Amino acid sequence: MTLSVSPTQDATVPFLDLHEAYHELKSELTEAFQKVMNSGWYILGEEVSKFEEEFASFCGVNHCIGVGNGLDALHLILKAYDIGEGDEVIVPSNTFIATWLAVSYAGAKIIPVEPNEKTYNIDPQKIENAITPKTKAIIPVHLYGQPAEMDEINAIAKKYGLWVIEDAAQAHGALYKGQRTGSLGNAAGFSFYPGKNLGAFGDGGAITTNNDVLAEKIRMLRNYGSKVKYSHQMKGFNSRLDELQAAFLRVKLRYLDEWNERRTAIANHYLDGLSSSDILLPHVVKNIIPAWHLFVVRTKNREVLQSYLKSENIDSLIHYPIPPHLQQAYAEMKCPSGSFPISERIHNEVLSLPIGPHMNMIELQKIICTMNGFSLSV
């Protein structure tokens with residue numbers, strides 16, 4: 001595809017331009033807004049039902065259940081599987097904290113496993129050693145939009161009778177051997193945070209699965225444990241995808257593949273054009289098409305690189321500066337610095353470059369030229 005060219009050479013290159021995403025679809029989004037507002041039905045109405053059908057079809061699964069956010073999605077899956085106190089759940093040591101929080105909210109014990117340092121995703125070769133009789137599930141994260149090694153993970157899970165719960169919050173539309181994320185395990189949790197590839201205009205999330213019983217249970221759990229109004233079969237939660245956000249997501253879903261193709265084009269320009277020997281580029285596994293939610297490079301002196309980019313009016317972000325085991329929130333785990341050295345190296349060195357479906361060629365060329373002028377001596 002051909003990226004657009006815009007006369008913004010001297011302007012700041014934003015990390016992600018959400019304004020342009022809105023403006024491209026403004027008329028359709030306005031129509032969706034008016035339809036919902038005129039309906040007079042704002043909770044679990046027609047828009048949520050239709051989005052659930054459409055996103056399930058997109059992912060290639062039987063069920064989608066819209067919920068309040070991505071953290072709730074993972075938490076409700078764990079609750080629906082009756083995973084809680086006394087159980088253990090294997091999670092990546094290298095991830096955003098929400099993956100860990102879902103396990104904590106369920107009452108289960110977090111068992112962190114280090115990543116493959118090339119892909120940054122959980123290393124299947126290290127999973128088996130972490131399994132105990134208390135292990136109930138594995139939550140692989142498709143970090144930065146690249147699917148985890150699901151064949152190996154599913155084989156281990158089958159061997160030990162474990163559930164596989166995908167954290168697909170960053171991987172909307174990514175493909176693993178021709179199959180969409182969200183269909184690669186027993187269930188999957190998605191986030192529709194505004195900056196995601198499929199982003200709402202506020203918080204939102206969803207669960208996908210082929211399990212009819214699990215889907216029905218989650219539908220009750222998200223709605224106070226109720227299937228019929230004022231009749232409550234279980235102690236549930238209030239975590240429902242908003243009707244208005246569902247309407248917006250239905251519009252944006254129609255463009256997701258196209259916008260992911262734009263991201264892929266940008267990523268390919270980066271991969272072909274970046275040449276600094278001080279920068280490590282992402283490693284893409286064979287038979288995988290990433291969603292390219294983030295384009296993450298590594299360097300030994302990230303602060304120097306980030307300051308250098310800032311001096312050239314280029315925004316960048318760090319995903320994520322502190323690994324979960326070193327967060328104050330998990331101080332009770334007593335995991336000192338050095339406990340998970342691979343994750344710590346990654347968190348100390350990664351930097352996310354601008355990427356998004358509305359970047360233009362001038363911005364991209366500016367970033368590549370600036371990056372190629374970088375060395376640790378700068």
# chains A, B, ... in the order shown; residues from 1 in each chain; ligands from 1

$ select_by_dssp --residues "segment 39-142 of chain A" --states "alpha helix (DSSP H)" --output "JSON, numbers by chain"
{"A": [39, 46, 47, 48, 49, 50, 51, 52, 53, 54, 55, 56, 57, 58, 59, 70, 71, 72, 73, 74, 75, 76, 77, 78, 79, 80, 97, 98, 99, 100, 101, 102, 103, 104, 105, 106, 124, 125, 126, 127]}

$ write_last_selection --atoms "N, CA and C atoms" --output "CSV table (one decimal), in the first residue's frame"
chain,number,residue,atom,x,y,z
A,39,SER,N,-32.6,5.7,19.8
A,39,SER,CA,-33.3,4.4,20.1
A,39,SER,C,-33.9,4.5,21.6
A,46,GLU,N,-29.4,-3.5,21.0
A,46,GLU,CA,-29.2,-4.1,19.6
A,46,GLU,C,-27.7,-3.9,19.2
A,47,GLU,N,-27.1,-2.7,19.5
A,47,GLU,CA,-25.8,-2.5,19.0
A,47,GLU,C,-24.8,-3.4,19.7
A,48,VAL,N,-24.9,-3.7,20.9
A,48,VAL,CA,-24.0,-4.7,21.6
A,48,VAL,C,-24.2,-6.1,21.0
A,49,SER,N,-25.4,-6.5,20.8
A,49,SER,CA,-25.7,-7.8,20.2
A,49,SER,C,-25.1,-7.9,18.8
A,50,LYS,N,-25.3,-6.9,18.0
A,50,LYS,CA,-24.8,-7.0,16.7
A,50,LYS,C,-23.2,-6.9,16.6
A,51,PHE,N,-22.7,-6.1,17.5
A,51,PHE,CA,-21.2,-6.1,17.6
A,51,PHE,C,-20.7,-7.4,18.0
A,52,GLU,N,-21.3,-8.1,19.0
A,52,GLU,CA,-20.9,-9.4,19.4
A,52,GLU,C,-20.9,-10.4,18.3
A,53,GLU,N,-21.9,-10.4,17.5
A,53,GLU,CA,-22.0,-11.3,16.4
A,53,GLU,C,-20.9,-11.0,15.4
A,54,GLU,N,-20.7,-9.7,15.1
A,54,GLU,CA,-19.8,-9.4,14.0
A,54,GLU,C,-18.3,-9.6,14.5
A,55,PHE,N,-18.0,-9.3,15.8
A,55,PHE,CA,-16.6,-9.6,16.2
A,55,PHE,C,-16.4,-11.1,16.4
A,56,ALA,N,-17.4,-11.8,16.8
A,56,ALA,CA,-17.2,-13.3,16.8
A,56,ALA,C,-16.9,-13.8,15.4
A,57,SER,N,-17.6,-13.4,14.5
A,57,SER,CA,-17.4,-13.8,13.1
A,57,SER,C,-16.0,-13.4,12.6
A,58,PHE,N,-15.6,-12.2,12.9
A,58,PHE,CA,-14.3,-11.7,12.6
A,58,PHE,C,-13.2,-12.6,13.1
A,59,CYS,N,-13.3,-12.9,14.4
A,59,CYS,CA,-12.3,-13.8,15.1
A,59,CYS,C,-12.4,-15.2,14.7
A,70,GLY,N,-10.7,-4.6,29.1
A,70,GLY,CA,-9.9,-5.8,28.9
A,70,GLY,C,-9.6,-6.5,30.2
A,71,LEU,N,-9.3,-5.8,31.3
A,71,LEU,CA,-9.0,-6.4,32.6
A,71,LEU,C,-10.2,-7.2,33.0
A,72,ASP,N,-11.4,-6.7,32.9
A,72,ASP,CA,-12.6,-7.4,33.3
A,72,ASP,C,-12.8,-8.7,32.4
A,73,ALA,N,-12.4,-8.6,31.2
A,73,ALA,CA,-12.5,-9.7,30.3
A,73,ALA,C,-11.7,-10.9,30.8
A,74,LEU,N,-10.5,-10.7,31.2
A,74,LEU,CA,-9.6,-11.8,31.7
A,74,LEU,C,-10.2,-12.3,33.0
A,75,HIS,N,-10.5,-11.3,33.9
A,75,HIS,CA,-11.0,-11.7,35.2
A,75,HIS,C,-12.3,-12.5,35.1
A,76,LEU,N,-13.2,-12.2,34.3
A,76,LEU,CA,-14.5,-12.9,34.1
A,76,LEU,C,-14.3,-14.3,33.6
A,77,ILE,N,-13.3,-14.4,32.7
A,77,ILE,CA,-13.0,-15.8,32.2
A,77,ILE,C,-12.5,-16.7,33.3
A,78,LEU,N,-11.6,-16.1,34.1
A,78,LEU,CA,-11.1,-16.9,35.2
A,78,LEU,C,-12.2,-17.3,36.2
A,79,LYS,N,-13.1,-16.3,36.5
A,79,LYS,CA,-14.2,-16.6,37.4
A,79,LYS,C,-15.1,-17.7,36.8
A,80,ALA,N,-15.4,-17.6,35.5
A,80,ALA,CA,-16.2,-18.5,34.8
A,80,ALA,C,-15.7,-19.9,34.9
A,97,ILE,N,0.6,-4.9,33.5
A,97,ILE,CA,0.1,-5.4,34.8
A,97,ILE,C,-1.3,-5.9,34.8
A,98,ALA,N,-2.1,-5.5,33.9
A,98,ALA,CA,-3.5,-6.0,33.8
A,98,ALA,C,-3.6,-7.5,33.8
A,99,THR,N,-2.7,-8.2,33.1
A,99,THR,CA,-2.7,-9.6,33.0
A,99,THR,C,-2.5,-10.2,34.4
A,100,TRP,N,-1.7,-9.7,35.2
A,100,TRP,CA,-1.5,-10.1,36.6
A,100,TRP,C,-2.7,-9.8,37.5
A,101,LEU,N,-3.2,-8.6,37.3
A,101,LEU,CA,-4.3,-8.1,38.1
A,101,LEU,C,-5.5,-9.0,38.0
A,102,ALA,N,-5.8,-9.5,36.8
A,102,ALA,CA,-6.9,-10.4,36.6
A,102,ALA,C,-6.8,-11.7,37.4
A,103,VAL,N,-5.6,-12.2,37.5
A,103,VAL,CA,-5.4,-13.4,38.4
A,103,VAL,C,-5.5,-13.0,39.8
A,104,SER,N,-5.0,-11.9,40.2
A,104,SER,CA,-5.2,-11.4,41.6
A,104,SER,C,-6.6,-11.3,42.0
A,105,TYR,N,-7.4,-10.6,41.1
A,105,TYR,CA,-8.8,-10.4,41.4
A,105,TYR,C,-9.6,-11.7,41.5
A,106,ALA,N,-9.2,-12.7,40.8
A,106,ALA,CA,-9.8,-14.0,40.9
A,106,ALA,C,-9.4,-14.8,42.2
A,124,PRO,N,7.5,-20.9,25.7
A,124,PRO,CA,6.9,-22.2,25.9
A,124,PRO,C,7.8,-23.2,26.6
A,125,GLN,N,9.1,-23.1,26.3
A,125,GLN,CA,10.1,-24.1,26.8
A,125,GLN,C,10.2,-23.9,28.3
A,126,LYS,N,9.8,-22.8,28.9
A,126,LYS,CA,9.9,-22.5,30.3
A,126,LYS,C,8.6,-22.8,31.0
A,127,ILE,N,7.5,-23.0,30.3
A,127,ILE,CA,6.2,-23.2,31.0
A,127,ILE,C,6.1,-24.5,31.8

$ residues_around --residues "segment 231-234 of chain A" --least-positions-apart "4" --cutoff "12 Å" --atoms "only C-alpha atoms" --output "PyMOL selection string"
chain A and resi 79-80+82+216-227

$ closest_residue --among "A:Leu143, A:Ile288, A:Leu294, A:Val89" --to "Leu175 of chain A" --atoms "only C-alpha atoms"
A:Ile288

$ residues_around --residues "Leu353 of chain A" --least-positions-apart "4" --cutoff "8 Å" --atoms "only C-alpha atoms" --output "PyMOL selection string"
chain A and resi 15+294-297+315-317

$ write_last_selection --atoms "C-alpha atoms" --output "PDB file, in the first residue's frame"
ATOM      1  CA  PHE A  15       3.015   8.699  18.764  1.00  0.00           C
ATOM      2  CA  LEU A 294       3.320  -1.316  18.695  1.00  0.00           C
ATOM      3  CA  PHE A 295       6.661  -1.138  16.918  1.00  0.00           C
ATOM      4  CA  VAL A 296       9.184  -1.721  19.677  1.00  0.00           C
ATOM      5  CA  VAL A 297      12.949  -1.358  19.336  1.00  0.00           C
ATOM      6  CA  ASP A 315       7.216  11.328  20.194  1.00  0.00           C
ATOM      7  CA  SER A 316       7.966   7.890  21.608  1.00  0.00           C
ATOM      8  CA  LEU A 317       6.700   5.838  24.552  1.00  0.00           C
TER       9      LEU A 317
END

$ closest_residue --among "A:Ala137, A:Ile318, A:Leu29, A:Ala291" --to "Lys109 of chain A" --atoms "only C-alpha atoms"
A:Ala137
